[in-house]
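What follows is a single structure, written as structure tokens, with notes after it.
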Amino acid sequence: MESSVSLRLHKGLYHGQKDRKRPHLIAKYGMRCFWCGHNLKPETLTIDHYIPLSRGGSNKIKNLRLACNGCNQKRGNAMPEETPEIIAEKSCIRFPSHWSQPKYHFGQLVKQGRIIGIEYQSPGTRRAFDLGKGWIYAVLLDDLGYDTDQLHEPEIKPPSLEQLQAEIEYEKSLAQIHQKNLVVLDEQLSEVVQVSSKQESEQL
């Protein structure tokens with residue numbers, strides 16, 4: 001059994017080898033996550049085993065890929081052909097691990113209107129310089145119109161009590177309409193089933 005000292009030494013040597021392989025991987029694949037394709041930064045870059053060590057892979061450079069921390073963690077020990085589906089199951093909308101999570105979601109009612117679009121401006125990009133870094137929300141100012149505004153996350157305000165009450169009443173009215181439609185559809189289905197059964201009986 002290896003001592004704790006030798007284990008630490010082995011891990012240290014392995015990490016040193018990874019650091020030496022990093023420039024070769026960047027030159028070969030570029031600063032992009034192999035799995036989700038998002039741009040990587042030195043602080044968010046991880047080295048992933050294409051075929052996991054636990055499933056017969058090696059530490060050779062041909063078995064290494066660059067990945068964001070999020071994809072690397074979600075992947076676990078999945079084989080390459082399993083990876084896209086597993087990553088998608090764990091996050092239906094994937095953000096690079098170095099992004100902050102958006103505070104508001106698509107379709108949400110806010111004081112200014114309704115959110116109809118969300119865009120992330122990564123620091124250091126031209127759009128972040130022009131528009132400001134971080135999350136920017138496209139807000140429809142009037143459900144009946146076409147006027148929109150682009151708001152940064154700190155500018156978004158929660159809806160008023162009156163807005164929320166009106167929204168709840170509107171959703172209730174929609175639910176009532178849907179419920180009535182379901183009753184009518186059930187009746188139609190019963191009629192169709194009866195006619196179909198009658199026709200089958202006559203054919204016999």
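Naming scheme: A, B, ... for chains in displayed order of the structure tokens; residues 1 onward per chain; ligands 1 onward as shown.
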Return as an NGL selection string the full set of residues in chain A whose backbone-based DSSP assignment is alpha helix (DSSP H).
:A and (4-29 or 69-75 or 83-90 or 126-131 or 161-203)
With 12 Å as the cut-off and only C-alpha atoms counted, what is the closest atom pair between each nearby residue of stretch 107-140 of chain A and stretch 29-45 of chain A? Distances in Å to one decimal, ordered by chain and number, as a Markdown table.
```
| residue | atom | partner | partner_atom | distance |
| --- | --- | --- | --- | --- |
| A:Ser122 | CA | A:Asn39 | CA | 10.0 |
| A:Pro123 | CA | A:Lys41 | CA | 11.0 |
| A:Gly124 | CA | A:Lys41 | CA | 11.0 |
| A:Thr125 | CA | A:Asn39 | CA | 11.5 |
```
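The two atoms in question, atom CA of A:Lys198 and atom CA of A:Gln179, are spaced 29.0 Å apart.
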Set the distance at 12 Å and use only C-alpha atoms: which residues neighbour A:Lys62 once local chain neighbours fewer than 4 positions away are removed? I'd like the list as an MDAnalysis selection string.
chainID A and resid 21 24:25 28:29 47:51 57:58 66
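Considering the residues A:Gly134, A:Gly117, A:Pro154, A:Pro96 and counting only C-alpha atoms, A:Asn69 has its shortest atom-to-atom contact with A:Pro96.
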Please provide as a PyMOL selection string all residues within 9 Å of stretch 161-167 of chain A, with the sequence filter that same-chain residues fewer than 2 positions apart are discarded (counting only C-alpha atoms).
chain A and resi 109-111+159+169-172
Keeping only C-alpha atoms, write those residues as a PDB file, in the first residue's frame.
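Done, and the output landed in out37.pdb:
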```pdb
ATOM      1  CA  LEU A 109     -43.318  39.712 -15.210  1.00  0.00           C
ATOM      2  CA  VAL A 110     -41.339  42.624 -13.737  1.00  0.00           C
ATOM      3  CA  LYS A 111     -42.255  46.191 -12.873  1.00  0.00           C
ATOM      4  CA  PRO A 159     -43.703  43.896 -10.047  1.00  0.00           C
ATOM      5  CA  GLU A 169     -56.628  37.121 -12.488  1.00  0.00           C
ATOM      6  CA  TYR A 170     -55.553  36.863 -16.125  1.00  0.00           C
ATOM      7  CA  GLU A 171     -54.010  33.419 -15.590  1.00  0.00           C
ATOM      8  CA  LYS A 172     -57.150  32.292 -13.735  1.00  0.00           C
TER       9      LYS A 172
END
```
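Distances to A:Ser160 were evaluated for A:Val184, A:Gln112, A:Leu140, A:Cys71 using only C-alpha atoms, and the minimum falls at A:Gln112.
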Apply DSSP to the structure's backbone, then extract all residues of stretch 84-144 of chain A labelled strand (DSSP E) and return them as a PyMOL selection string.
chain A and resi 109-110+113-121+134-140
What does the file look like for those residues with N, CA and C atoms, as a compact mmCIF listing (two decimals), in the first residue's frame?
```
# COMPACT_ATOMS: atom_id res chain seq x y z
N LEU A 109 -42.75 38.37 -15.33
CA LEU A 109 -43.32 39.71 -15.21
C LEU A 109 -42.49 40.51 -14.22
N VAL A 110 -42.07 41.71 -14.62
CA VAL A 110 -41.34 42.62 -13.74
C VAL A 110 -42.04 43.98 -13.78
N GLY A 113 -42.25 45.58 -17.23
CA GLY A 113 -42.97 44.87 -18.29
C GLY A 113 -42.75 43.38 -18.18
N ARG A 114 -42.50 42.72 -19.32
CA ARG A 114 -42.29 41.27 -19.34
C ARG A 114 -40.98 40.95 -20.04
N ILE A 115 -40.19 40.06 -19.45
CA ILE A 115 -38.90 39.69 -20.03
C ILE A 115 -39.12 38.79 -21.24
N ILE A 116 -38.62 39.23 -22.40
CA ILE A 116 -38.80 38.43 -23.63
C ILE A 116 -37.45 38.00 -24.21
N GLY A 117 -36.37 38.35 -23.55
CA GLY A 117 -35.05 37.94 -24.03
C GLY A 117 -34.00 38.14 -22.96
N ILE A 118 -33.01 37.25 -22.93
CA ILE A 118 -31.92 37.33 -21.96
C ILE A 118 -30.61 37.13 -22.71
N GLU A 119 -29.63 37.97 -22.43
CA GLU A 119 -28.34 37.88 -23.10
C GLU A 119 -27.22 38.15 -22.10
N TYR A 120 -26.15 37.36 -22.19
CA TYR A 120 -25.01 37.56 -21.29
C TYR A 120 -23.87 38.22 -22.04
N GLN A 121 -23.36 39.31 -21.48
CA GLN A 121 -22.22 40.01 -22.06
C GLN A 121 -20.98 39.66 -21.24
N GLY A 134 -22.23 41.44 -17.99
CA GLY A 134 -23.24 40.73 -17.21
C GLY A 134 -24.53 40.51 -17.98
N TRP A 135 -25.58 40.18 -17.25
CA TRP A 135 -26.86 39.84 -17.86
C TRP A 135 -27.63 41.09 -18.26
N ILE A 136 -28.16 41.07 -19.48
CA ILE A 136 -29.00 42.14 -19.99
C ILE A 136 -30.33 41.51 -20.42
N TYR A 137 -31.42 42.14 -20.03
CA TYR A 137 -32.75 41.60 -20.28
C TYR A 137 -33.50 42.49 -21.26
N ALA A 138 -34.09 41.87 -22.28
CA ALA A 138 -34.98 42.59 -23.18
C ALA A 138 -36.38 42.53 -22.58
N VAL A 139 -36.95 43.70 -22.30
CA VAL A 139 -38.24 43.77 -21.60
C VAL A 139 -39.28 44.39 -22.52
N LEU A 140 -40.38 43.66 -22.72
CA LEU A 140 -41.52 44.20 -23.47
C LEU A 140 -42.30 45.11 -22.53
```
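Interatomic distance, atom CA of A:Glu82 against atom CA of A:Gln101: 25.9 Å.
The two atoms in question, atom CA of A:Glu89 and atom CA of A:Gly76, are spaced 12.9 Å apart.
When only C-alpha atoms are used to measure the gap to A:Ala67, the shortest distance among A:Ser54, A:Arg22, A:Met79, A:Val192 belongs to A:Arg22.
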From the options A:Ala128, A:Ile156, A:Leu182, A:Val195, which residue's atoms come nearest to A:Lys103, counting only C-alpha atoms?
A:Ile156
